[in-house]
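Peer 1: Structure file query_22.tsv (TSV, C-alpha atoms and all ligand atoms) right here:
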```
chain	number	residue	atom	x	y	z
V	1	MET	CA	0.00	0.00	0.00
V	2	SER	CA	1.46	3.31	-1.01
V	3	GLU	CA	1.45	6.54	0.94
V	4	PRO	CA	-1.21	9.04	-0.08
V	5	THR	CA	0.12	11.83	-2.23
V	6	ALA	CA	0.10	15.23	-0.60
V	7	ILE	CA	-2.19	17.62	-2.40
V	8	SER	CA	-1.55	21.31	-2.12
V	9	PRO	CA	-4.53	23.20	-0.82
V	10	ALA	CA	-6.20	25.60	-3.20
V	11	PRO	CA	-4.88	29.13	-2.84
V	12	VAL	CA	-6.88	31.28	-0.50
V	13	VAL	CA	-8.60	34.02	-2.43
V	14	ASP	CA	-10.57	36.84	-0.87
V	15	GLN	CA	-13.89	36.07	-2.44
V	16	PRO	CA	-17.18	37.11	-0.90
V	17	ASP	CA	-19.27	34.33	0.56
V	18	THR	CA	-21.73	33.97	-2.27
V	19	ASP	CA	-24.24	32.13	-0.08
V	20	SER	CA	-24.88	35.22	1.95
V	21	TRP	CA	-25.38	37.94	-0.65
V	22	VAL	CA	-27.98	40.39	0.58
V	23	HIS	CA	-30.77	41.50	-1.77
V	24	VAL	CA	-30.85	45.25	-1.13
V	25	ALA	CA	-32.55	46.89	-4.09
V	26	GLU	CA	-33.77	46.63	-7.65
V	27	LEU	CA	-31.69	48.05	-10.48
V	28	LYS	CA	-34.65	50.21	-11.54
V	29	ASP	CA	-34.47	51.91	-8.09
V	30	LEU	CA	-31.10	53.36	-9.14
V	31	ALA	CA	-32.12	54.41	-12.62
V	32	ARG	CA	-33.25	57.96	-11.86
V	33	ARG	CA	-31.07	59.31	-9.02
V	34	LYS	CA	-28.12	56.93	-9.55
V	35	ARG	CA	-27.69	56.52	-5.80
V	36	LYS	CA	-29.48	54.86	-2.93
V	37	GLN	CA	-28.88	54.14	0.72
V	38	VAL	CA	-29.44	50.53	1.75
V	39	THR	CA	-28.63	48.42	4.78
V	40	VAL	CA	-26.43	45.34	4.63
V	41	GLY	CA	-26.65	43.53	7.94
V	42	SER	CA	-26.55	46.49	10.29
V	43	CYS	CA	-24.29	48.63	8.08
V	44	PRO	CA	-25.52	51.57	6.03
V	45	VAL	CA	-24.21	51.14	2.50
V	46	ALA	CA	-24.50	53.55	-0.43
V	47	LEU	CA	-25.14	52.20	-3.91
V	48	PHE	CA	-24.12	54.22	-6.95
V	49	LEU	CA	-24.83	53.57	-10.61
V	50	VAL	CA	-21.75	54.57	-12.60
V	51	ASP	CA	-21.47	53.76	-16.31
V	52	ASP	CA	-24.14	51.04	-15.96
V	53	GLU	CA	-22.21	49.42	-13.10
V	54	VAL	CA	-23.55	49.27	-9.55
V	55	LEU	CA	-20.92	50.13	-6.93
V	56	ALA	CA	-21.27	49.86	-3.16
V	57	VAL	CA	-19.34	51.71	-0.44
V	58	ASP	CA	-19.91	52.72	3.17
V	59	ASP	CA	-22.70	55.25	3.33
V	60	THR	CA	-21.07	57.01	6.28
V	61	CYS	CA	-18.36	59.51	5.34
V	62	ILE	CA	-14.96	58.96	6.96
V	63	HIS	CA	-14.80	62.67	7.73
V	64	GLN	CA	-17.79	63.59	9.84
V	65	GLU	CA	-20.19	60.77	9.12
V	66	ARG	CA	-22.57	62.42	6.69
V	67	SER	CA	-24.55	60.15	4.38
V	68	LEU	CA	-22.81	59.79	1.03
V	69	ALA	CA	-26.02	58.57	-0.60
V	70	LYS	CA	-27.29	62.12	-0.01
V	71	GLY	CA	-24.30	63.54	-1.83
V	72	THR	CA	-23.73	64.18	-5.51
V	73	LEU	CA	-22.48	61.81	-8.16
V	74	LEU	CA	-20.38	63.75	-10.68
V	75	ASN	CA	-18.07	62.33	-13.33
V	76	GLY	CA	-17.94	58.99	-11.55
V	77	GLN	CA	-17.02	60.52	-8.20
V	78	VAL	CA	-19.15	60.81	-5.09
V	79	ILE	CA	-19.13	64.24	-3.49
V	80	CYS	CA	-20.01	64.23	0.20
V	81	PRO	CA	-22.78	66.67	1.19
V	82	GLY	CA	-20.86	67.57	4.35
V	83	HIS	CA	-17.66	69.21	3.18
V	84	GLN	CA	-17.44	68.13	-0.45
V	85	TRP	CA	-14.74	65.53	-0.07
V	86	LYS	CA	-14.61	63.46	-3.23
V	87	PHE	CA	-14.57	59.67	-3.20
V	88	ASP	CA	-13.96	57.09	-5.89
V	89	PRO	CA	-16.82	54.60	-5.42
V	90	ARG	CA	-14.76	51.87	-7.13
V	91	THR	CA	-11.92	52.03	-4.59
V	92	GLY	CA	-13.42	53.95	-1.66
V	93	GLU	CA	-10.44	56.31	-1.76
V	94	ALA	CA	-10.85	59.97	-0.96
V	95	GLU	CA	-9.28	62.48	-3.33
V	96	ASP	CA	-6.53	64.50	-1.63
V	97	GLN	CA	-7.25	62.91	1.77
V	98	ASP	CA	-6.07	59.84	3.57
V	99	GLY	CA	-8.45	57.16	4.74
V	100	ARG	CA	-10.94	55.27	2.63
V	101	LEU	CA	-14.45	53.92	2.60
V	102	ALA	CA	-15.05	50.20	2.71
V	103	THR	CA	-16.10	48.80	-0.67
V	104	TYR	CA	-18.48	45.90	-1.19
V	105	ALA	CA	-18.89	43.37	-3.98
V	106	VAL	CA	-22.12	43.76	-5.96
V	107	GLN	CA	-23.92	41.51	-8.37
V	108	VAL	CA	-27.03	42.25	-10.39
V	109	THR	CA	-29.21	39.32	-11.42
V	110	GLU	CA	-30.81	38.98	-14.85
V	111	GLU	CA	-34.07	40.01	-13.20
V	112	GLY	CA	-32.45	43.24	-11.98
V	113	ALA	CA	-32.06	42.37	-8.30
V	114	VAL	CA	-29.07	44.11	-6.72
V	115	LEU	CA	-27.18	41.88	-4.28
V	116	VAL	CA	-24.37	43.00	-2.00
V	117	ALA	CA	-21.84	40.80	-0.21
V	118	PRO	CA	-22.06	41.39	3.56
V	119	GLN	CA	-18.31	41.55	4.12
V	120	PRO	CA	-16.33	44.43	2.61
V	121	VAL	CA	-13.86	43.69	-0.17
V	122	THR	CA	-11.62	46.49	1.09
V	123	PRO	CA	-11.81	47.73	4.68
V	124	ARG	CA	-12.69	51.17	5.93
V	125	GLU	CA	-9.72	53.25	7.02
V	126	ALA	CA	-10.16	56.32	9.20
V	127	THR	CA	-8.84	59.66	8.04
V	128	THR	CA	-6.27	61.58	10.03
V	129	SER	CA	-7.64	64.90	8.81
V	130	ASP	CA	-7.64	67.40	11.70
V	131	SER	CA	-11.18	68.46	11.04
V	132	ALA	CA	-12.33	64.84	11.42
V	133	THR	CA	-11.63	65.09	15.15
V	134	HIS	CA	-13.28	68.48	15.59
V	135	PRO	CA	-17.02	68.34	14.96
V	136	ALA	CA	-17.07	72.07	14.28
V	137	GLY	CA	-14.52	71.27	11.54
V	138	ARG	CA	-13.91	74.56	9.84
V	201	LIG	S1	-18.67	64.76	6.41
V	201	LIG	FE1	-18.03	64.10	4.44
V	201	LIG	S2	-16.62	65.59	3.85
V	201	LIG	FE2	-17.12	66.19	5.86
```
Go ahead and render the structure in this file as structure tokens.
Ligand code: FES
Peer 2:
Amino acid sequence: MSEPTAISPAPVVDQPDTDSWVHVAELKDLARRKRKQVTVGSCPVALFLVDDEVLAVDDTCIHQERSLAKGTLLNGQVICPGHQWKFDPRTGEAEDQDGRLATYAVQVTEEGAVLVAPQPVTPREATTSDSATHPAGR
């Protein structure tokens, strides 16, 4: 009887757990305003429709926690209604600032259901901006 051959485990890849996608919206809900606040688990998440692609990031701004879904979508960037920081909804990165929003994987079914993975693809990182620690933030 021969020894069993060792088999290398499959490489670990950061893939969302596809069994737990959360149905948060319908694609038609995004058609007019191109943005929508939804809840994934207990987390507020903002959906944006950019170039026919649905993107999902934290809804809460890393600066002073305003809702990004209430902001403006301009040229593929999200502009926070608080102090106009600009975010790339593909990466969660803030333009000219440190810190980033968490990003979430999204899939849209043939029927137009928008599903979001409950665990972020990239984590949220706090900003070190001075005004982030001073609520009056001028
Ligand atoms: S709260 Fe978003 S930029 Fe200040």
Peer 1: Counting all atoms listed in the file, what residues are within 7 Å of ligand LIG 201 (chain V), given as a list in words?
Peer 2: Cys61, Ile62, His63, Gln64, Glu65, Arg66, Cys80, Pro81, Gly82, His83, Gln84 and Trp85 of chain V
Peer 1: Grab the CA of Leu101 (chain V) to CA of Lys86 (chain V) distance for me, in Å with one decimal place.
Peer 2: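 Separation of CA of Leu101 (chain V) and CA of Lys86 (chain V): 11.2 Å.
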Peer 1: I'd like the contact shell of Pro123 (chain V) - 7 Å cut-off, all atoms listed in the file, skipping same-chain residues fewer than 3 positions apart - returned as a PyMOL selection string.
Peer 2: chain V and resi 102-103+120
Peer 1: Distance CA of Leu68 (chain V)-CA of Gly99 (chain V), one decimal place?
Peer 2: 15.1 Å
Peer 1: Nearest residue to Gly76 (chain V) out of V:Ala94, V:Ala31, V:Ala56, V:Leu49, using only C-alpha atoms?
Peer 2: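 Of V:Ala94, V:Ala31, V:Ala56, V:Leu49, the one nearest Gly76 (chain V), counting only C-alpha atoms, is V:Leu49.
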Peer 1: Could you jot down the CA of Ala117 (chain V) to CA of Val38 (chain V) separation for me, Å, one decimal place?
Peer 2: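 Taking CA of Ala117 (chain V) and CA of Val38 (chain V), their separation equals 12.5 Å.
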Peer 1: Can you tell me which residues surround Asp98 (chain V) at a distance of at most 10 Å, considering only C-alpha atoms, apart from same-chain residues fewer than 4 positions away, and format the answer as a list of chain:residue names?
Peer 2: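 So, after excluding close chain neighbours, the residues are V:Ile62, V:Glu93, V:Ala94, V:Glu125, V:Ala126, V:Thr127, V:Thr128, V:Ser129.
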Peer 1: With distances taken over all atoms listed in the file, which of V:Asp59, V:Asp51, V:Asn75, V:Val45 is nearest to Val24 (chain V)?
Peer 2: V:Val45
Peer 1: Identify the residues within 12 Å of coordinate (-30.8, 53.4, -13.3) (same frame as the file), considering only C-alpha atoms, and give the answer as a list in words.
Peer 2: Ala25, Glu26, Leu27, Lys28, Asp29, Leu30, Ala31, Arg32, Arg33, Lys34, Arg35, Lys36, Leu47, Phe48, Leu49, Val50, Asp51, Asp52, Glu53, Val54, Gly112 and Val114 of chain V
Peer 1: From the list V:Val57, V:Asp130, V:Glu111, V:Lys70, which residue is nearest Gln97 (chain V) when using only C-alpha atoms?
Peer 2: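 Under the stated criterion, the closest residue is V:Asp130.
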Peer 1: Of the candidates V:Asp58, V:Pro89, V:Val40, V:Ala105, which one gets nearest to Leu73 (chain V) if we count only C-alpha atoms?
Peer 2: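 Nearest candidate to Leu73 (chain V) out of V:Asp58, V:Pro89, V:Val40, V:Ala105: V:Pro89.
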Peer 1: Edge lengths and centre in Å to one decimal, as JSON, is what I'm after for the box along x, y and z that holds all listed atoms of region 104-121 of chain V once 8 Å is added on each side.
Peer 2:
```
{"center_x": -24.0, "center_y": 42.4, "center_z": -5.4, "size_x": 36.2, "size_y": 22.9, "size_z": 35.0}
```
Peer 1: Quick one: of V:Ser42, V:Gln37, V:Trp21, V:Arg90, who's nearest to Leu115 (chain V), counting all atoms listed in the file?
Peer 2: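 Closest residue, counting all atoms listed in the file: V:Trp21.
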